[in-house]
file query.cif (mmCIF, C-alpha atoms, pLDDT in the B column; chains and numbers go by the auth columns)
data_protein
loop_
_atom_site.group_PDB
_atom_site.id
_atom_site.type_symbol
_atom_site.label_atom_id
_atom_site.label_comp_id
_atom_site.label_asym_id
_atom_site.label_seq_id
_atom_site.Cartn_x
_atom_site.Cartn_y
_atom_site.Cartn_z
_atom_site.B_iso_or_equiv
_atom_site.auth_seq_id
_atom_site.auth_asym_id
ATOM 1 C CA GLY A 1 106.258 87.658 128.435 70.00 29 Z
ATOM 2 C CA GLU A 2 109.768 87.042 129.626 79.00 30 Z
ATOM 3 C CA ASN A 3 110.712 83.507 130.512 89.00 31 Z
ATOM 4 C CA VAL A 4 113.971 82.356 132.092 94.00 32 Z
ATOM 5 C CA GLU A 5 115.055 78.720 131.962 96.00 33 Z
ATOM 6 C CA GLN A 6 117.792 77.486 134.263 97.00 34 Z
ATOM 7 C CA HIS A 7 119.833 74.255 134.145 97.00 35 Z
ATOM 8 C CA PRO A 8 120.672 72.036 135.850 97.00 36 Z
ATOM 9 C CA SER A 9 118.161 71.866 138.676 96.00 37 Z
ATOM 10 C CA THR A 10 120.677 70.012 140.854 97.00 38 Z
ATOM 11 C CA LEU A 11 124.457 69.987 140.642 98.00 39 Z
ATOM 12 C CA SER A 12 126.875 68.012 142.764 98.00 40 Z
ATOM 13 C CA VAL A 13 130.629 68.672 142.568 97.00 41 Z
ATOM 14 C CA GLN A 14 133.722 67.722 144.511 97.00 42 Z
ATOM 15 C CA GLU A 15 135.394 70.418 146.568 97.00 43 Z
ATOM 16 C CA GLY A 16 137.915 72.241 144.389 97.00 44 Z
ATOM 17 C CA ASP A 17 136.134 71.488 141.134 97.00 45 Z
ATOM 18 C CA SER A 18 134.318 74.083 139.027 97.00 46 Z
ATOM 19 C CA ALA A 19 130.560 74.485 138.794 98.00 47 Z
ATOM 20 C CA VAL A 20 128.650 75.960 135.859 98.00 48 Z
ATOM 21 C CA ILE A 21 124.984 76.965 135.841 98.00 49 Z
ATOM 22 C CA LYS A 22 123.316 78.051 132.620 98.00 50 Z
ATOM 23 C CA CYS A 23 120.276 80.209 131.901 98.00 51 Z
ATOM 24 C CA THR A 24 118.418 81.280 128.794 97.00 52 Z
ATOM 25 C CA TYR A 25 115.953 84.136 128.485 96.00 53 Z
ATOM 26 C CA SER A 26 113.282 84.893 125.931 94.00 54 Z
ATOM 27 C CA ASP A 27 112.871 88.684 125.845 90.00 55 Z
ATOM 28 C CA SER A 28 115.628 90.273 123.768 90.00 56 Z
ATOM 29 C CA ALA A 29 114.927 93.604 125.513 88.00 57 Z
ATOM 30 C CA SER A 30 116.314 92.223 128.807 90.00 58 Z
ATOM 31 C CA ASN A 31 119.373 94.164 129.855 89.00 59 Z
ATOM 32 C CA TYR A 32 120.098 93.289 133.481 90.00 60 Z
ATOM 33 C CA PHE A 33 121.031 89.785 134.651 94.00 61 Z
ATOM 34 C CA PRO A 34 121.621 89.232 138.371 94.00 62 Z
ATOM 35 C CA TRP A 35 122.562 86.005 140.121 97.00 63 Z
ATOM 36 C CA TYR A 36 121.347 85.305 143.638 97.00 64 Z
ATOM 37 C CA LYS A 37 122.511 82.770 146.209 98.00 65 Z
ATOM 38 C CA GLN A 38 120.080 81.448 148.777 97.00 66 Z
ATOM 39 C CA GLU A 39 121.481 79.675 151.808 96.00 67 Z
ATOM 40 C CA LEU A 40 119.345 77.507 154.026 92.00 68 Z
ATOM 41 C CA GLY A 41 116.888 79.554 156.068 89.00 69 Z
ATOM 42 C CA LYS A 42 117.786 82.825 154.388 92.00 70 Z
ATOM 43 C CA GLY A 43 116.494 85.015 151.601 94.00 71 Z
ATOM 44 C CA PRO A 44 118.322 85.208 148.250 96.00 72 Z
ATOM 45 C CA GLN A 45 121.335 87.493 148.174 95.00 73 Z
ATOM 46 C CA LEU A 46 122.984 89.023 145.110 95.00 74 Z
ATOM 47 C CA ILE A 47 126.395 87.534 144.361 97.00 75 Z
ATOM 48 C CA ILE A 48 127.127 88.993 140.929 96.00 76 Z
ATOM 49 C CA ASP A 49 125.299 90.757 138.109 94.00 77 Z
ATOM 50 C CA ILE A 50 125.951 91.727 134.521 93.00 78 Z
ATOM 51 C CA ARG A 51 124.445 94.284 132.186 89.00 79 Z
ATOM 52 C CA SER A 52 123.880 93.817 128.491 82.00 80 Z
ATOM 53 C CA ASN A 53 126.762 96.027 127.391 82.00 81 Z
ATOM 54 C CA VAL A 54 129.262 93.657 128.999 82.00 82 Z
ATOM 55 C CA GLY A 55 130.153 90.130 127.912 90.00 83 Z
ATOM 56 C CA GLU A 56 131.879 88.893 131.032 94.00 84 Z
ATOM 57 C CA LYS A 57 132.351 89.916 134.639 94.00 85 Z
ATOM 58 C CA LYS A 58 134.478 88.336 137.316 96.00 86 Z
ATOM 59 C CA ASP A 59 134.626 88.655 141.093 94.00 87 Z
ATOM 60 C CA GLN A 60 137.221 86.414 142.733 95.00 88 Z
ATOM 61 C CA ARG A 61 136.025 82.821 142.286 97.00 89 Z
ATOM 62 C CA ILE A 62 132.800 83.644 140.507 98.00 90 Z
ATOM 63 C CA ALA A 63 132.272 84.870 136.967 97.00 91 Z
ATOM 64 C CA VAL A 64 129.305 85.461 134.725 97.00 92 Z
ATOM 65 C CA THR A 65 129.244 85.408 130.935 97.00 93 Z
ATOM 66 C CA LEU A 66 126.542 86.812 128.687 96.00 94 Z
ATOM 67 C CA ASN A 67 125.807 85.984 125.059 95.00 95 Z
ATOM 68 C CA LYS A 68 123.108 88.417 123.908 93.00 96 Z
ATOM 69 C CA THR A 69 122.868 86.921 120.448 93.00 97 Z
ATOM 70 C CA ALA A 70 122.070 83.494 121.807 94.00 98 Z
ATOM 71 C CA LYS A 71 120.159 84.957 124.791 95.00 99 Z
ATOM 72 C CA HIS A 72 121.969 82.948 127.379 95.00 100 Z
ATOM 73 C CA PHE A 73 124.135 83.668 130.380 97.00 101 Z
ATOM 74 C CA SER A 74 126.100 81.466 132.727 98.00 102 Z
ATOM 75 C CA LEU A 75 127.518 81.454 136.237 98.00 103 Z
ATOM 76 C CA HIS A 76 130.945 79.921 136.781 98.00 104 Z
ATOM 77 C CA ILE A 77 132.274 79.092 140.240 98.00 105 Z
ATOM 78 C CA THR A 78 135.881 77.944 140.389 97.00 106 Z
ATOM 79 C CA GLU A 79 137.657 76.145 143.244 97.00 107 Z
ATOM 80 C CA THR A 80 134.355 75.334 144.902 98.00 108 Z
ATOM 81 C CA GLN A 81 134.171 75.141 148.681 97.00 109 Z
ATOM 82 C CA PRO A 82 131.569 73.530 150.970 96.00 110 Z
ATOM 83 C CA GLU A 83 130.211 76.985 151.835 96.00 111 Z
ATOM 84 C CA ASP A 84 129.253 77.413 148.175 97.00 112 Z
ATOM 85 C CA SER A 85 126.535 74.821 148.760 97.00 113 Z
ATOM 86 C CA ALA A 86 123.231 76.687 148.293 98.00 114 Z
ATOM 87 C CA VAL A 87 120.455 77.336 145.807 97.00 115 Z
ATOM 88 C CA TYR A 88 121.402 79.690 142.993 98.00 116 Z
ATOM 89 C CA PHE A 89 118.909 81.714 140.965 97.00 117 Z
ATOM 90 C CA CYS A 90 119.501 83.522 137.706 97.00 118 Z
ATOM 91 C CA ALA A 91 117.202 86.374 136.693 94.00 119 Z
ATOM 92 C CA ALA A 92 116.523 88.803 133.874 93.00 120 Z
ATOM 93 C CA SER A 93 114.843 92.197 133.794 88.00 121 Z
ATOM 94 C CA ILE A 94 113.919 94.631 131.038 80.00 122 Z
ATOM 95 C CA PRO A 95 114.594 98.374 131.025 74.00 123 Z
ATOM 96 C CA GLY A 96 112.034 100.606 132.643 68.00 124 Z
ATOM 97 C CA GLY A 97 110.134 97.690 134.049 63.00 125 Z
ATOM 98 C CA PHE A 98 109.728 96.532 137.568 72.00 126 Z
ATOM 99 C CA LYS A 99 109.551 92.870 136.935 78.00 127 Z
ATOM 100 C CA THR A 100 112.530 90.626 137.375 87.00 128 Z
ATOM 101 C CA ILE A 101 111.921 87.112 136.094 90.00 129 Z
ATOM 102 C CA PHE A 102 113.717 84.383 138.006 93.00 130 Z
ATOM 103 C CA GLY A 103 114.856 80.973 136.890 94.00 131 Z
ATOM 104 C CA ALA A 104 113.658 77.918 138.799 94.00 132 Z
ATOM 105 C CA GLY A 105 116.916 77.616 140.732 96.00 133 Z
ATOM 106 C CA THR A 106 119.886 75.246 140.915 97.00 134 Z
ATOM 107 C CA ARG A 107 120.702 73.391 144.106 97.00 135 Z
ATOM 108 C CA LEU A 108 124.487 73.111 144.310 98.00 136 Z
ATOM 109 C CA PHE A 109 126.111 70.543 146.563 97.00 137 Z
ATOM 110 C CA VAL A 110 129.857 70.781 147.151 97.00 138 Z
ATOM 111 C CA LYS A 111 131.214 67.576 148.647 95.00 139 Z
ATOM 112 C CA ALA A 112 134.181 67.871 150.944 90.00 140 Z
ATOM 113 C CA ASP B 1 123.759 97.364 154.885 68.00 19 G
ATOM 114 C CA VAL B 2 120.242 97.134 153.566 65.00 20 G
ATOM 115 C CA LYS B 3 117.992 95.350 155.946 90.00 21 G
ATOM 116 C CA VAL B 4 114.666 93.824 155.009 96.00 22 G
ATOM 117 C CA THR B 5 112.762 92.242 157.852 96.00 23 G
ATOM 118 C CA GLN B 6 109.663 90.094 157.788 96.00 24 G
ATOM 119 C CA SER B 7 107.341 89.874 160.744 90.00 25 G
ATOM 120 C CA SER B 8 107.318 86.093 161.083 92.00 26 G
ATOM 121 C CA ARG B 9 109.643 83.271 160.067 94.00 27 G
ATOM 122 C CA TYR B 10 106.966 80.598 160.423 96.00 28 G
ATOM 123 C CA LEU B 11 103.181 80.800 160.448 96.00 29 G
ATOM 124 C CA VAL B 12 100.489 78.147 160.749 97.00 30 G
ATOM 125 C CA LYS B 13 96.971 79.182 159.819 97.00 31 G
ATOM 126 C CA ARG B 14 93.606 77.534 159.208 97.00 32 G
ATOM 127 C CA THR B 15 91.767 77.500 155.906 97.00 33 G
ATOM 128 C CA GLY B 16 89.591 80.588 155.612 97.00 34 G
ATOM 129 C CA GLU B 17 91.597 82.728 158.013 97.00 35 G
ATOM 130 C CA LYS B 18 92.764 86.203 157.039 97.00 36 G
ATOM 131 C CA VAL B 19 96.545 86.340 157.073 97.00 37 G
ATOM 132 C CA PHE B 20 98.818 89.365 157.227 97.00 38 G
ATOM 133 C CA LEU B 21 102.487 89.203 156.286 97.00 39 G
ATOM 134 C CA GLU B 22 104.471 92.309 157.095 97.00 40 G
ATOM 135 C CA CYS B 23 107.701 93.541 155.545 97.00 41 G
ATOM 136 C CA VAL B 24 109.848 96.507 156.541 97.00 42 G
ATOM 137 C CA GLN B 25 112.951 97.903 154.817 96.00 43 G
ATOM 138 C CA ASP B 26 115.297 100.485 156.262 95.00 44 G
ATOM 139 C CA MET B 27 117.003 101.871 153.147 89.00 45 G
ATOM 140 C CA ASP B 28 114.359 104.274 151.863 91.00 46 G
ATOM 141 C CA HIS B 29 113.834 102.160 148.742 91.00 47 G
ATOM 142 C CA GLU B 30 111.036 103.160 146.400 90.00 48 G
ATOM 143 C CA ASN B 31 110.203 99.648 145.218 91.00 49 G
ATOM 144 C CA MET B 32 108.968 96.729 147.249 94.00 50 G
ATOM 145 C CA PHE B 33 107.973 93.257 146.106 95.00 51 G
ATOM 146 C CA TRP B 34 106.237 90.137 147.348 97.00 52 G
ATOM 147 C CA TYR B 35 107.206 86.755 145.881 97.00 53 G
ATOM 148 C CA ARG B 36 106.261 83.218 146.656 97.00 54 G
ATOM 149 C CA GLN B 37 108.859 80.488 146.353 96.00 55 G
ATOM 150 C CA ASP B 38 107.892 76.921 145.536 94.00 56 G
ATOM 151 C CA PRO B 39 110.201 74.008 144.684 89.00 57 G
ATOM 152 C CA GLY B 40 110.890 73.782 140.969 87.00 58 G
ATOM 153 C CA LEU B 41 109.088 77.042 140.245 90.00 59 G
ATOM 154 C CA GLY B 42 111.616 79.575 141.482 90.00 60 G
ATOM 155 C CA LEU B 43 110.373 82.942 142.656 94.00 61 G
ATOM 156 C CA ARG B 44 107.060 84.164 141.308 94.00 62 G
ATOM 157 C CA LEU B 45 105.971 87.767 141.707 94.00 63 G
ATOM 158 C CA ILE B 46 102.674 88.300 143.508 96.00 64 G
ATOM 159 C CA TYR B 47 102.528 92.111 143.761 96.00 65 G
ATOM 160 C CA PHE B 48 104.916 95.023 143.721 93.00 66 G
ATOM 161 C CA SER B 49 104.779 98.675 144.695 94.00 67 G
ATOM 162 C CA TYR B 50 106.837 101.553 143.323 90.00 68 G
ATOM 163 C CA ASP B 51 105.569 104.209 145.716 91.00 69 G
ATOM 164 C CA VAL B 52 103.401 104.738 148.769 94.00 70 G
ATOM 165 C CA LYS B 53 99.794 103.706 148.111 93.00 71 G
ATOM 166 C CA MET B 54 100.759 102.421 144.652 93.00 72 G
ATOM 167 C CA LYS B 55 100.519 98.752 143.767 94.00 73 G
ATOM 168 C CA GLU B 56 100.768 96.623 140.664 93.00 74 G
ATOM 169 C CA LYS B 57 99.820 93.007 140.082 94.00 75 G
ATOM 170 C CA GLY B 58 102.547 90.550 139.398 92.00 76 G
ATOM 171 C CA ASP B 59 102.224 87.166 137.767 91.00 77 G
ATOM 172 C CA ILE B 60 100.132 85.406 140.426 95.00 78 G
ATOM 173 C CA PRO B 61 97.995 87.989 142.296 96.00 79 G
ATOM 174 C CA GLU B 62 94.872 85.856 142.668 96.00 80 G
ATOM 175 C CA GLY B 63 93.898 85.332 146.292 96.00 81 G
ATOM 176 C CA TYR B 64 96.235 88.069 147.539 98.00 82 G
ATOM 177 C CA SER B 65 96.107 91.799 148.171 97.00 83 G
ATOM 178 C CA VAL B 66 98.712 94.284 149.380 97.00 84 G
ATOM 179 C CA SER B 67 98.954 97.530 151.272 97.00 85 G
ATOM 180 C CA ARG B 68 101.650 100.203 151.289 97.00 86 G
ATOM 181 C CA GLU B 69 100.701 103.060 153.603 96.00 87 G
ATOM 182 C CA LYS B 70 104.286 103.996 154.462 96.00 88 G
ATOM 183 C CA LYS B 71 107.373 103.898 152.273 95.00 89 G
ATOM 184 C CA GLU B 72 109.201 101.438 154.484 96.00 90 G
ATOM 185 C CA ARG B 73 106.370 98.952 154.961 97.00 91 G
ATOM 186 C CA PHE B 74 104.681 96.597 152.510 98.00 92 G
ATOM 187 C CA SER B 75 102.037 94.162 153.661 98.00 93 G
ATOM 188 C CA LEU B 76 100.746 91.044 151.938 98.00 94 G
ATOM 189 C CA ILE B 77 97.211 89.969 152.798 98.00 95 G
ATOM 190 C CA LEU B 78 95.615 86.607 152.202 97.00 96 G
ATOM 191 C CA GLU B 79 91.914 87.435 152.478 94.00 97 G
ATOM 192 C CA SER B 80 90.837 83.828 152.995 97.00 98 G
ATOM 193 C CA ALA B 81 93.762 81.450 153.252 97.00 99 G
ATOM 194 C CA SER B 82 93.626 78.210 151.293 97.00 100 G
ATOM 195 C CA THR B 83 95.843 75.135 151.421 97.00 101 G
ATOM 196 C CA ASN B 84 97.338 75.940 147.997 96.00 102 G
ATOM 197 C CA GLN B 85 98.782 79.102 149.513 98.00 103 G
ATOM 198 C CA THR B 86 101.104 77.047 151.679 98.00 104 G
ATOM 199 C CA SER B 87 104.485 78.324 150.565 97.00 105 G
ATOM 200 C CA MET B 88 107.564 80.393 151.363 97.00 106 G
ATOM 201 C CA TYR B 89 106.868 84.117 150.996 98.00 107 G
ATOM 202 C CA LEU B 90 109.739 86.475 150.282 98.00 108 G
ATOM 203 C CA CYS B 91 109.679 90.246 150.473 97.00 109 G
ATOM 204 C CA ALA B 92 112.224 92.361 148.618 95.00 110 G
ATOM 205 C CA SER B 93 113.033 96.002 148.040 93.00 111 G
ATOM 206 C CA SER B 94 115.054 97.931 145.474 90.00 112 G
ATOM 207 C CA PRO B 95 115.870 101.538 144.688 84.00 113 G
ATOM 208 C CA SER B 96 114.631 103.626 141.768 71.00 114 G
ATOM 209 C CA THR B 97 113.817 102.057 138.464 61.00 115 G
ATOM 210 C CA GLY B 98 113.532 98.371 139.216 52.00 116 G
ATOM 211 C CA GLU B 99 116.529 97.458 137.102 61.00 117 G
ATOM 212 C CA GLU B 100 118.563 97.166 140.197 76.00 118 G
ATOM 213 C CA THR B 101 119.529 94.627 142.783 85.00 119 G
ATOM 214 C CA GLN B 102 116.693 93.412 144.923 90.00 120 G
ATOM 215 C CA TYR B 103 117.323 92.959 148.629 92.00 121 G
ATOM 216 C CA PHE B 104 115.407 90.113 150.173 96.00 122 G
ATOM 217 C CA GLY B 105 114.095 89.433 153.622 96.00 123 G
ATOM 218 C CA PRO B 106 114.600 86.023 155.277 95.00 124 G
ATOM 219 C CA GLY B 107 111.194 84.750 154.197 96.00 125 G
ATOM 220 C CA THR B 108 108.049 83.588 155.947 97.00 126 G
ATOM 221 C CA ARG B 109 107.150 79.921 155.683 96.00 127 G
ATOM 222 C CA LEU B 110 103.361 79.713 155.761 97.00 128 G
ATOM 223 C CA LEU B 111 101.469 76.494 156.357 97.00 129 G
ATOM 224 C CA VAL B 112 97.714 76.569 155.763 98.00 130 G
ATOM 225 C CA LEU B 113 95.875 73.624 157.283 97.00 131 G
#

call {"tool": "encode", "arguments": {"input": "query.cif", "output": "structure tokens"}}
result
Amino acid sequence: GENVEQHPSTLSVQEGDSAVIKCTYSDSASNYFPWYKQELGKGPQLIIDIRSNVGEKKDQRIAVTLNKTAKHFSLHITETQPEDSAVYFCAASIPGGFKTIFGAGTRLFVKA
Amino acid sequence: DVKVTQSSRYLVKRTGEKVFLECVQDMDHENMFWYRQDPGLGLRLIYFSYDVKMKEKGDIPEGYSVSREKKERFSLILESASTNQTSMYLCASSPSTGEETQYFGPGTRLLVL
């Protein structure tokens, strides 16, 4: 079955620096890759997603890149701010299925 | 805005008790999901439902059951709670095919003593 590995498990950056979180997936049929942010005491919330026919997508300070050949995708946050501190999850899902497989999560700390 | 609500934020139960976790979504989504979240393990799917009265096992269904009598409501049942079911439980919903964004509730933190 599908497996998603996420690294690092913890990431600490200085305010203003960039943060990069990387994920790899195992099922080459996966075609939808969302990223979720979970703040303390809340459920995960989608922040950006990418589909397999696109190599990169950007939304203000966040961007996601996808390399289908290598089966990995990454989240890039530029000019980090303290409010970016949260747990981030990558995920992958296959067409026609109902199962989204999540990575183990990355706890991001942004130090002011 | 999609809203997914869960009946309790925190629950404390005794071993052997029957536990009901309720989830309601207000966006007429076809799909609903129950996950448990444990440190270092991410989100693991317990059960999902793609229609009223329909249910499918996820990756870790043992010890759990579900009920979906109405489209907007999806219940998770722990028939006889055990200490290894102490966890954060997250409900989510999504439209149509399942290849879409999932909208999560705030979670229920369950402690089984």

call {"tool": "closest_residue", "arguments": {"input": "query.cif", "among": "G:Gly81, G:Gly123, G:Gly34, G:Pro113", "to": "chain Z", "atoms": "all atoms listed in the file"}}
result
G:Gly123

call {"tool": "atom_distance", "arguments": {"input": "query.cif", "atom1": "CA of Leu68 (chain Z)", "atom2": "CA of Val115 (chain Z)"}}
result
8.3 Å

call {"tool": "resolve_selection", "arguments": {"input": "query.cif", "expression": "the PyMOL selection byres ((chain G) within 8 of (chain Z))", "output": "ChimeraX atom specification"}}
result
/G:57-63,66,76,108,115-125

call {"tool": "resolve_selection", "arguments": {"input": "query.cif", "expression": "the PyMOL selection byres ((chain G and resi 39) around 12)", "output": "PyMOL selection string"}}
result
chain G and resi 23-29+31+36-38+40-42+52-54+82-85+91-97+106-109+123+125-128

call {"tool": "write_last_selection", "arguments": {"input": "query.cif", "atoms": "C-alpha atoms", "output": "short mmCIF file (atom, residue, chain, number, x, y, z; two decimals), in the coordinates of the input"}}
result
data_model
loop_
_atom_site.label_atom_id
_atom_site.label_comp_id
_atom_site.auth_asym_id
_atom_site.auth_seq_id
_atom_site.Cartn_x
_atom_site.Cartn_y
_atom_site.Cartn_z
CA THR G 23 112.76 92.24 157.85
CA GLN G 24 109.66 90.09 157.79
CA SER G 25 107.34 89.87 160.74
CA SER G 26 107.32 86.09 161.08
CA ARG G 27 109.64 83.27 160.07
CA TYR G 28 106.97 80.60 160.42
CA LEU G 29 103.18 80.80 160.45
CA LYS G 31 96.97 79.18 159.82
CA LYS G 36 92.76 86.20 157.04
CA VAL G 37 96.54 86.34 157.07
CA PHE G 38 98.82 89.36 157.23
CA GLU G 40 104.47 92.31 157.10
CA CYS G 41 107.70 93.54 155.54
CA VAL G 42 109.85 96.51 156.54
CA TRP G 52 106.24 90.14 147.35
CA TYR G 53 107.21 86.76 145.88
CA ARG G 54 106.26 83.22 146.66
CA TYR G 82 96.24 88.07 147.54
CA SER G 83 96.11 91.80 148.17
CA VAL G 84 98.71 94.28 149.38
CA SER G 85 98.95 97.53 151.27
CA ARG G 91 106.37 98.95 154.96
CA PHE G 92 104.68 96.60 152.51
CA SER G 93 102.04 94.16 153.66
CA LEU G 94 100.75 91.04 151.94
CA ILE G 95 97.21 89.97 152.80
CA LEU G 96 95.62 86.61 152.20
CA GLU G 97 91.91 87.44 152.48
CA MET G 106 107.56 80.39 151.36
CA TYR G 107 106.87 84.12 151.00
CA LEU G 108 109.74 86.48 150.28
CA CYS G 109 109.68 90.25 150.47
CA GLY G 123 114.10 89.43 153.62
CA GLY G 125 111.19 84.75 154.20
CA THR G 126 108.05 83.59 155.95
CA ARG G 127 107.15 79.92 155.68
CA LEU G 128 103.36 79.71 155.76
#

call {"tool": "atom_distance", "arguments": {"input": "query.cif", "atom1": "CA of Leu131 (chain G)", "atom2": "CA of Pro79 (chain G)"}}
result
20.9 Å

call {"tool": "atom_distance", "arguments": {"input": "query.cif", "atom1": "CA of Lys88 (chain G)", "atom2": "CA of Met72 (chain G)"}}
result
10.5 Å

call {"tool": "residues_near_point", "arguments": {"input": "query.cif", "point": "(127.1, 89.3, 131.3)", "cutoff": "10 Å", "atoms": "all atoms listed in the file", "output": "MDAnalysis selection string"}}
result
chainID Z and resid 59:62 76:86 91:96 100:103

call {"tool": "resolve_selection", "arguments": {"input": "query.cif", "expression": "the PyMOL selection byres ((chain G and resi 90) around 10)", "output": "list of chain:residue names"}}
result
G:Val22, G:Cys41, G:Val42, G:Gln43, G:Asp44, G:Met45, G:Asp46, G:His47, G:Glu48, G:Asn49, G:Met50, G:Asp69, G:Val70, G:Arg86, G:Glu87, G:Lys88, G:Lys89, G:Arg91, G:Phe92, G:Ser111

call {"tool": "closest_residue", "arguments": {"input": "query.cif", "among": "Z:Ser113, Z:Ser56, Z:Thr97, Z:Asn31", "to": "Arg135 (chain Z)", "atoms": "all atoms listed in the file"}}
result
Z:Ser113

call {"tool": "residues_around", "arguments": {"input": "query.cif", "residues": "region 41-52 of chain Z", "least_positions_apart": "4", "cutoff": "6 Å", "atoms": "all atoms listed in the file", "output": "number ranges by chain"}}
result
Z: 32-35, 99-109, 138-140
